[in-house]
file work29.txt (compact mmCIF, C-alpha atoms)
# COMPACT_ATOMS: atom_id res chain seq x y z
CA MET A 21 -86.50 -16.98 179.50
CA LEU A 22 -83.73 -19.56 179.05
CA LEU A 23 -80.07 -18.73 178.44
CA ALA A 24 -78.35 -21.55 176.52
CA VAL A 25 -74.55 -21.54 176.53
CA ASP A 26 -72.11 -23.59 174.44
CA VAL A 27 -68.53 -23.25 175.68
CA GLY A 28 -66.24 -24.24 172.82
CA ASN A 29 -62.48 -24.20 172.43
CA THR A 30 -62.54 -20.94 170.46
CA ASN A 31 -65.81 -19.16 171.33
CA ILE A 32 -68.55 -19.16 173.93
CA THR A 33 -71.86 -19.04 172.06
CA LEU A 34 -74.93 -17.87 173.95
CA GLY A 35 -78.57 -18.04 172.88
CA ILE A 36 -81.58 -16.51 174.62
CA PHE A 37 -84.92 -18.34 174.31
CA ASP A 38 -88.42 -17.19 175.01
CA GLY A 39 -90.16 -20.56 175.06
CA GLU A 40 -89.11 -22.29 171.84
CA THR A 41 -88.24 -19.01 170.09
CA LEU A 42 -84.56 -18.16 169.79
CA LEU A 43 -84.51 -14.39 170.24
CA GLY A 44 -80.83 -13.97 169.44
CA THR A 45 -77.30 -15.27 169.80
CA PHE A 46 -74.03 -13.64 170.78
CA ARG A 47 -70.42 -14.75 171.22
CA MET A 48 -67.45 -14.13 173.46
CA MET A 49 -63.93 -15.50 173.21
CA THR A 50 -63.10 -18.57 175.29
CA LYS A 51 -59.35 -18.09 175.62
CA ILE A 52 -59.50 -14.81 177.55
CA ALA A 53 -59.20 -15.65 181.25
CA ARG A 54 -61.88 -13.92 183.33
CA THR A 55 -62.99 -13.89 186.96
CA SER A 56 -66.52 -14.83 188.01
CA ASP A 57 -67.33 -11.12 188.41
CA GLU A 58 -66.08 -10.34 184.90
CA TYR A 59 -68.14 -13.18 183.41
CA GLY A 60 -71.25 -12.16 185.32
CA ILE A 61 -71.04 -8.45 184.47
CA PHE A 62 -70.24 -9.21 180.82
CA LEU A 63 -73.25 -11.53 180.52
CA ARG A 64 -75.55 -8.89 181.99
CA GLN A 65 -74.19 -6.28 179.57
CA LEU A 66 -74.69 -8.61 176.59
CA LEU A 67 -78.31 -9.22 177.56
CA LEU A 68 -79.00 -5.52 178.12
CA ALA A 69 -77.45 -4.70 174.73
CA ARG A 70 -80.11 -6.95 173.18
CA GLY A 71 -82.87 -5.23 175.13
CA ILE A 72 -83.31 -8.13 177.57
CA GLU A 73 -83.46 -7.51 181.29
CA PRO A 74 -81.12 -10.02 183.02
CA GLU A 75 -83.80 -10.62 185.66
CA CYS A 76 -85.97 -12.17 182.93
CA VAL A 77 -83.54 -15.11 182.66
CA GLU A 78 -85.09 -17.85 184.76
CA ASP A 79 -82.74 -20.72 183.89
CA VAL A 80 -79.36 -21.36 182.28
CA ILE A 81 -78.08 -24.54 180.62
CA ILE A 82 -74.44 -25.04 179.60
CA SER A 83 -72.48 -27.52 177.52
CA SER A 84 -68.72 -27.16 177.77
CA VAL A 85 -65.55 -28.75 176.43
CA VAL A 86 -63.33 -26.37 178.44
CA PRO A 87 -63.45 -27.60 182.05
CA ASN A 88 -60.76 -25.27 183.46
CA MET A 89 -62.95 -22.15 183.03
CA MET A 90 -66.19 -23.60 184.33
CA HIS A 91 -65.70 -22.75 188.02
CA SER A 92 -65.48 -18.98 187.35
CA PHE A 93 -68.12 -19.06 184.62
CA LYS A 94 -70.66 -20.99 186.71
CA ASN A 95 -70.09 -18.76 189.75
CA GLY A 96 -70.51 -15.65 187.60
CA ILE A 97 -73.93 -16.92 186.50
CA ILE A 98 -74.96 -17.76 190.07
CA LYS A 99 -73.90 -14.34 191.40
CA TYR A 100 -75.13 -12.10 188.58
CA LEU A 101 -78.10 -14.00 187.09
CA ASN A 102 -79.26 -15.55 190.39
CA THR A 103 -79.66 -19.05 188.97
CA ASN A 104 -77.75 -22.30 189.35
CA PRO A 105 -77.08 -23.51 185.79
CA ILE A 106 -77.67 -27.01 184.47
CA ILE A 107 -74.35 -28.43 183.21
CA VAL A 108 -74.76 -31.06 180.47
CA GLY A 109 -72.73 -34.12 181.41
CA ALA A 110 -72.88 -37.68 182.66
CA GLY A 111 -76.34 -38.32 184.10
CA THR A 112 -78.07 -35.52 182.20
CA LYS A 113 -81.32 -36.69 180.62
CA THR A 114 -80.83 -36.35 176.84
CA GLY A 115 -82.67 -39.25 175.20
CA ILE A 116 -79.48 -40.27 173.35
CA LYS A 117 -78.09 -43.75 174.03
CA ILE A 118 -74.30 -43.71 173.77
CA ALA A 119 -73.24 -47.03 172.23
CA THR A 120 -69.53 -46.23 171.91
CA ALA A 121 -66.70 -47.93 173.85
CA ASN A 122 -66.15 -45.06 176.33
CA PRO A 123 -69.36 -43.03 176.74
CA ARG A 124 -67.78 -40.57 179.20
CA GLU A 125 -65.26 -39.53 176.54
CA VAL A 126 -67.98 -38.12 174.29
CA GLY A 127 -68.00 -34.32 174.44
CA ALA A 128 -71.13 -32.60 175.72
CA ASP A 129 -71.26 -30.45 172.59
CA ARG A 130 -71.55 -33.55 170.39
CA ILE A 131 -74.38 -34.98 172.48
CA VAL A 132 -76.23 -31.66 172.34
CA ASP A 133 -75.99 -31.58 168.53
CA LEU A 134 -77.19 -35.18 168.28
CA VAL A 135 -80.20 -34.45 170.48
CA ALA A 136 -81.24 -31.57 168.24
CA ALA A 137 -80.67 -33.54 165.01
CA ASP A 138 -82.56 -36.58 166.31
CA GLU A 139 -85.53 -34.48 167.46
CA THR A 140 -85.60 -32.21 164.40
CA TYR A 141 -84.63 -34.46 161.49
CA GLY A 142 -84.91 -37.99 162.90
CA GLY A 143 -82.37 -40.80 162.65
CA PRO A 144 -80.43 -42.18 161.04
CA VAL A 145 -78.60 -38.89 160.72
CA ILE A 146 -75.00 -37.76 160.49
CA VAL A 147 -74.27 -34.52 162.32
CA ILE A 148 -71.25 -32.58 161.08
CA ASP A 149 -70.09 -29.75 163.33
CA PHE A 150 -67.56 -27.50 161.60
CA GLY A 151 -65.96 -26.03 164.71
CA THR A 152 -62.39 -25.82 166.00
CA ALA A 153 -62.34 -29.52 165.24
CA THR A 154 -64.74 -30.99 162.68
CA THR A 155 -66.81 -33.87 164.04
CA TYR A 156 -68.93 -36.39 162.16
CA ASP A 157 -71.38 -38.22 164.46
CA LEU A 158 -73.94 -40.87 163.57
CA VAL A 159 -77.18 -41.41 165.50
CA LEU A 160 -79.64 -44.14 164.49
CA GLU A 161 -83.43 -44.06 164.46
CA ASP A 162 -83.60 -45.48 168.01
CA GLY A 163 -81.50 -42.60 169.34
CA SER A 164 -78.26 -44.61 169.59
CA PHE A 165 -75.02 -42.73 169.03
CA VAL A 166 -72.90 -45.42 167.40
CA ALA A 167 -69.89 -43.73 165.80
CA GLY A 168 -67.94 -40.49 165.73
CA ILE A 169 -65.10 -39.20 163.58
CA THR A 170 -62.91 -36.22 164.51
CA SER A 171 -60.66 -34.26 162.16
CA PRO A 172 -58.79 -30.94 162.35
CA GLY A 173 -61.12 -28.04 161.66
CA ILE A 174 -60.72 -26.03 158.48
CA ARG A 175 -59.39 -23.03 160.43
CA ILE A 176 -56.76 -25.23 162.13
CA CYS A 177 -55.67 -26.41 158.68
CA ALA A 178 -55.56 -22.82 157.43
CA ASN A 179 -53.55 -21.60 160.42
CA ALA A 180 -51.04 -24.42 159.93
CA LEU A 181 -50.69 -23.49 156.27
CA TRP A 182 -49.73 -19.85 156.78
CA SER A 183 -48.04 -20.26 160.18
CA ASP A 184 -45.61 -22.96 159.08
CA THR A 185 -44.77 -21.53 155.66
CA ALA A 186 -42.77 -18.32 155.61
CA ALA A 187 -43.84 -17.13 152.16
CA LEU A 188 -47.60 -17.77 152.34
CA PRO A 189 -49.95 -15.04 153.61
CA GLU A 190 -53.00 -15.32 155.86
CA VAL A 191 -56.08 -15.46 153.62
CA GLU A 192 -59.86 -15.34 153.97
CA ILE A 193 -61.37 -18.81 154.07
CA LYS A 194 -63.80 -18.85 151.17
CA LYS A 195 -64.49 -20.96 148.10
CA PRO A 196 -62.84 -19.51 144.97
CA ASN A 197 -64.73 -19.47 141.68
CA SER A 198 -62.58 -22.24 140.25
CA ILE A 199 -60.18 -24.88 141.53
CA LEU A 200 -57.89 -23.86 138.65
CA ALA A 201 -56.17 -21.17 140.72
CA LYS A 202 -53.82 -18.70 139.04
CA ASP A 203 -52.50 -16.77 142.06
CA THR A 204 -51.23 -17.56 145.55
CA ILE A 205 -54.32 -16.47 147.49
CA SER A 206 -56.87 -18.33 145.35
CA SER A 207 -54.58 -21.39 145.24
CA MET A 208 -54.57 -21.50 149.05
CA GLN A 209 -58.34 -21.00 149.18
CA ALA A 210 -58.84 -23.74 146.60
CA GLY A 211 -56.67 -26.19 148.52
CA LEU A 212 -58.36 -25.44 151.82
CA VAL A 213 -61.99 -25.37 150.74
CA TYR A 214 -62.05 -27.90 147.89
CA GLY A 215 -59.83 -30.18 149.95
CA TYR A 216 -62.27 -29.96 152.83
CA ILE A 217 -65.24 -30.58 150.56
CA GLY A 218 -63.47 -33.72 149.36
CA GLN A 219 -62.83 -34.89 152.92
CA THR A 220 -66.46 -34.26 153.88
CA GLU A 221 -67.91 -36.12 150.92
CA TYR A 222 -65.56 -39.09 151.36
CA ILE A 223 -66.31 -39.50 155.07
CA ILE A 224 -70.08 -39.30 154.47
CA ARG A 225 -69.90 -41.89 151.69
CA LYS A 226 -67.64 -44.15 153.79
CA ILE A 227 -70.06 -44.04 156.75
CA LYS A 228 -72.94 -45.00 154.46
CA GLU A 229 -70.86 -47.78 152.87
CA GLU A 230 -69.73 -49.34 156.17
CA THR A 231 -73.20 -49.14 157.76
CA GLY A 232 -74.91 -50.36 154.61
CA ARG A 233 -77.38 -47.49 154.94
CA ASP A 234 -78.17 -45.18 152.02
CA ASP A 235 -81.04 -43.53 153.89
CA ILE A 236 -78.86 -41.55 156.30
CA LYS A 237 -79.65 -37.84 156.38
CA VAL A 238 -76.80 -35.35 156.84
CA VAL A 239 -77.05 -32.08 158.76
CA ALA A 240 -74.21 -29.59 159.18
CA THR A 241 -73.67 -26.82 161.71
CA GLY A 242 -70.83 -24.58 162.84
CA GLY A 243 -69.49 -21.25 161.65
CA LEU A 244 -67.72 -22.40 158.49
CA GLY A 245 -70.21 -25.18 157.80
CA LYS A 246 -72.27 -23.14 155.35
CA ILE A 247 -69.31 -22.80 152.96
CA ILE A 248 -69.02 -26.59 152.76
CA ALA A 249 -72.76 -27.34 152.91
CA ASP A 250 -73.45 -25.01 149.98
CA ALA A 251 -70.82 -26.77 147.88
CA THR A 252 -71.91 -30.41 148.17
CA GLU A 253 -75.10 -32.40 147.64
CA GLU A 254 -74.00 -34.88 150.33
CA ILE A 255 -75.24 -32.43 153.01
CA GLN A 256 -79.03 -32.00 152.98
CA PHE A 257 -79.41 -29.46 155.80
CA TYR A 258 -77.39 -26.59 157.22
CA ASP A 259 -78.66 -25.60 160.67
CA PRO A 260 -76.72 -22.80 162.39
CA ALA A 261 -78.95 -22.98 165.49
CA LEU A 262 -78.58 -26.75 165.97
CA THR A 263 -76.54 -26.55 169.19
CA MET A 264 -78.72 -23.87 170.76
CA ASN A 265 -81.88 -25.87 170.03
CA GLY A 266 -80.22 -29.02 171.38
CA LEU A 267 -79.57 -27.25 174.67
CA ARG A 268 -83.19 -26.04 174.79
CA ILE A 269 -84.48 -29.57 174.14
CA ILE A 270 -82.25 -31.06 176.86
CA TYR A 271 -83.40 -28.35 179.29
CA GLU A 272 -87.03 -29.24 178.57
CA LYS A 273 -86.29 -32.95 179.14
CA CYS A 274 -84.61 -32.16 182.46
CA LYS A 275 -87.52 -29.95 183.54
CA THR A 276 -90.05 -32.64 182.63
CA SER A 277 -88.01 -35.27 184.47
CA LYS A 278 -87.91 -33.14 187.66
CA LYS A 279 -91.71 -32.78 187.66
CA LYS A 280 -92.27 -36.55 187.65
call {"tool": "encode", "arguments": {"input": "work29.txt", "output": "C-alpha cells"}}
result
Amino acid sequence: MLLAVDVGNTNITLGIFDGETLLGTFRMMTKIARTSDEYGIFLRQLLLARGIEPECVEDVIISSVVPNMMHSFKNGIIKYLNTNPIIVGAGTKTGIKIATANPREVGADRIVDLVAADETYGGPVIVIDFGTATTYDLVLEDGSFVAGITSPGIRICANALWSDTAALPEVEIKKPNSILAKDTISSMQAGLVYGYIGQTEYIIRKIKEETGRDDIKVVATGGLGKIIADATEEIQFYDPALTMNGLRIIYEKCKTSKKK
C-alpha cells in the first residue's frame, strides 16, 4: 500500500492507496507542533482506526508547503512506518515542464495537482485549488505549466471579515438562497460566496482571453471548492481526490524511473 501525504498550511491530508484505489482519506491539523514520535504514533493510530495494519504501508510520498515541520514528520515516518518517504520537490520526476520565470518558487502542491489534472483530464486545463490560498494554474497540452494566479482563500477572507469588524459574527461559509440578503448572516454569506464566484469566473475568462484559447477545461479541488464549482458553469469538474491521485501518479513515475 501507498500512503500519500499533502502537508498544507492548515491541514495535513493523508490518503491510503491499494494500487490505484484510494481506500480512504483522513486529516490532521498542521499548526500543532509535534515531535517525530508523536507524528509516528498518530499516523499508526489513524491507519489502525481505518482497519489498515501500518506494516502494510510499503511506501510514502509527501508534498509539503510547510518546510519547518518536515524534519520531525519525515523522521516519524521513518521510525514508525519503517520507510523513507519520497518528498516531492526539485528533481522529482513529474512529467510537468515548468515554464515560469522561477520554477523553484512553484509549490509542490500545485505541481501535484497539475500532474493529476494533466493525466486525468488532459491539457489545456486550469486547476483551481480552493485551499488556504486559492490558486489558478494553467497547464497546456504538452504538459507545460505556463501561468499561475494566487489569491486569498475564501476562509481567509471570511476570517478577516469577522475578525476585523467588531459587530459582525462568525458565520458558516455557504451559499445563501438569494444574493438579496435581508439579515446580517445571509448578507455576509452572500458577499463571501457570490463575491468569490465572481472572482473565479472573471479569472477563468481572463485566462482564456489572454491565451486566446476557448478550449481550456477547468477542474476545481479543495475543501470549499464544491460550493463554488456547483454555482458556476465555468468549472466543468470538481475532483476532491485530485491531490491524492497526483501524488500516486508521481510515485508511479518515480518507481518506473528507478527501474530503468
call {"tool": "atom_distance", "arguments": {"input": "work29.txt", "atom1": "CA of Arg130 in chain A", "atom2": "CA of Glu161 in chain A"}}
result
16.9 Å
call {"tool": "residues_around", "arguments": {"input": "work29.txt", "residues": "Ala187 in chain A", "least_positions_apart": "4", "cutoff": "10 Å", "atoms": "only C-alpha atoms", "output": "PyMOL selection string"}}
result
chain A and resi 182-183+204
call {"tool": "closest_residue", "arguments": {"input": "work29.txt", "among": "A:Asp129, A:Asp162, A:Glu75, A:Glu254", "to": "Ile223 in chain A", "atoms": "all atoms listed in the file"}}
result
A:Glu254
call {"tool": "atom_distance", "arguments": {"input": "work29.txt", "atom1": "CA of Ser92 in chain A", "atom2": "CA of Ala24 in chain A"}}
result
17.0 Å
call {"tool": "closest_residue", "arguments": {"input": "work29.txt", "among": "A:Gly163, A:Gly168, A:Pro144, A:Gly28", "to": "Gly115 in chain A", "atoms": "only C-alpha atoms"}}
result
A:Gly163
call {"tool": "closest_residue", "arguments": {"input": "work29.txt", "among": "A:Thr120, A:Gln65, A:Thr112, A:Thr154", "to": "Ile82 in chain A", "atoms": "all atoms listed in the file"}}
result
A:Thr112
call {"tool": "closest_residue", "arguments": {"input": "work29.txt", "among": "A:Ile247, A:Leu22, A:His91, A:Thr30", "to": "Met49 in chain A", "atoms": "all atoms listed in the file"}}
result
A:Thr30
call {"tool": "closest_residue", "arguments": {"input": "work29.txt", "among": "A:Gln219, A:Thr33, A:Thr152, A:Thr103", "to": "Leu262 in chain A", "atoms": "all atoms listed in the file"}}
result
A:Thr33
call {"tool": "atom_distance", "arguments": {"input": "work29.txt", "atom1": "CA of Pro196 in chain A", "atom2": "CA of Gly245 in chain A"}}
result
15.8 Å
call {"tool": "residues_around", "arguments": {"input": "work29.txt", "residues": "Pro105 in chain A", "least_positions_apart": "6", "cutoff": "10 Å", "atoms": "only C-alpha atoms", "output": "NGL selection string"}}
result
:A and (23-25 or 78-82 or 94-95 or 97-98)
call {"tool": "residues_around", "arguments": {"input": "work29.txt", "residues": "Arg64 in chain A", "least_positions_apart": "6", "cutoff": "8 Å", "atoms": "all atoms listed in the file", "output": "MDAnalysis selection string"}}
result
chainID A and resid 74 100:101
call {"tool": "residues_near_point", "arguments": {"input": "work29.txt", "point": "(-66.5, -17.9, 173.6)", "cutoff": "9 Å", "atoms": "all atoms listed in the file", "output": "PyMOL selection string"}}
result
chain A and resi 26-34+47-52
call {"tool": "decode", "arguments": {"input": "work29.txt", "residues": "range 171-197 of chain A", "atoms": "N, CA and C atoms", "output": "compact mmCIF listing (two decimals), in the first residue's frame"}}
result
# COMPACT_ATOMS: atom_id res chain seq x y z
N SER A 171 -4.64 33.93 -4.94
CA SER A 171 -5.48 34.91 -4.25
C SER A 171 -5.78 34.41 -2.84
N PRO A 172 -6.20 35.29 -1.93
CA PRO A 172 -6.56 34.83 -0.59
C PRO A 172 -7.71 33.83 -0.67
N GLY A 173 -7.60 32.77 0.11
CA GLY A 173 -8.67 31.77 0.13
C GLY A 173 -9.94 32.34 0.73
N ILE A 174 -11.05 31.68 0.44
CA ILE A 174 -12.35 32.18 0.92
C ILE A 174 -12.41 32.19 2.44
N ARG A 175 -11.74 31.24 3.10
CA ARG A 175 -11.75 31.24 4.57
C ARG A 175 -10.92 32.39 5.13
N ILE A 176 -9.81 32.73 4.46
CA ILE A 176 -9.02 33.90 4.87
C ILE A 176 -9.87 35.16 4.78
N CYS A 177 -10.61 35.29 3.68
CA CYS A 177 -11.49 36.45 3.51
C CYS A 177 -12.56 36.49 4.60
N ALA A 178 -13.12 35.32 4.91
CA ALA A 178 -14.15 35.25 5.94
C ALA A 178 -13.59 35.61 7.31
N ASN A 179 -12.40 35.07 7.63
CA ASN A 179 -11.80 35.38 8.93
C ASN A 179 -11.50 36.87 9.07
N ALA A 180 -11.03 37.49 7.98
CA ALA A 180 -10.77 38.93 8.01
C ALA A 180 -12.05 39.71 8.25
N LEU A 181 -13.14 39.24 7.67
CA LEU A 181 -14.42 39.95 7.79
C LEU A 181 -14.90 39.99 9.24
N TRP A 182 -14.89 38.84 9.92
CA TRP A 182 -15.43 38.86 11.28
C TRP A 182 -14.37 39.16 12.35
N SER A 183 -13.08 39.04 11.99
CA SER A 183 -12.04 39.37 12.97
C SER A 183 -11.81 40.88 13.06
N ASP A 184 -11.94 41.56 11.94
CA ASP A 184 -11.62 42.98 11.90
C ASP A 184 -12.84 43.89 12.00
N THR A 185 -14.00 43.30 12.23
CA THR A 185 -15.21 44.10 12.41
C THR A 185 -15.89 43.68 13.71
N ALA A 186 -16.00 44.60 14.64
CA ALA A 186 -16.45 44.26 15.99
C ALA A 186 -17.89 43.75 16.04
N ALA A 187 -18.73 44.23 15.13
CA ALA A 187 -20.16 43.91 15.23
C ALA A 187 -20.60 42.72 14.39
N LEU A 188 -19.69 42.15 13.59
CA LEU A 188 -20.10 41.05 12.71
C LEU A 188 -19.72 39.70 13.31
N PRO A 189 -20.63 38.74 13.28
CA PRO A 189 -20.38 37.43 13.89
C PRO A 189 -19.63 36.49 12.93
N GLU A 190 -19.10 35.41 13.49
CA GLU A 190 -18.55 34.34 12.66
C GLU A 190 -19.71 33.53 12.10
N VAL A 191 -19.68 33.26 10.78
CA VAL A 191 -20.80 32.58 10.15
C VAL A 191 -20.30 31.36 9.37
N GLU A 192 -21.22 30.45 9.10
CA GLU A 192 -20.92 29.30 8.24
C GLU A 192 -20.73 29.79 6.81
N ILE A 193 -19.71 29.27 6.15
CA ILE A 193 -19.48 29.65 4.75
C ILE A 193 -20.35 28.77 3.87
N LYS A 194 -21.43 29.32 3.39
CA LYS A 194 -22.31 28.60 2.47
C LYS A 194 -23.04 29.60 1.60
N LYS A 195 -23.53 29.13 0.46
CA LYS A 195 -24.22 29.99 -0.49
C LYS A 195 -25.67 30.18 -0.04
N PRO A 196 -26.09 31.44 0.21
CA PRO A 196 -27.48 31.66 0.58
C PRO A 196 -28.40 31.48 -0.63
N ASN A 197 -29.68 31.37 -0.37
CA ASN A 197 -30.64 31.14 -1.45
C ASN A 197 -30.69 32.29 -2.44
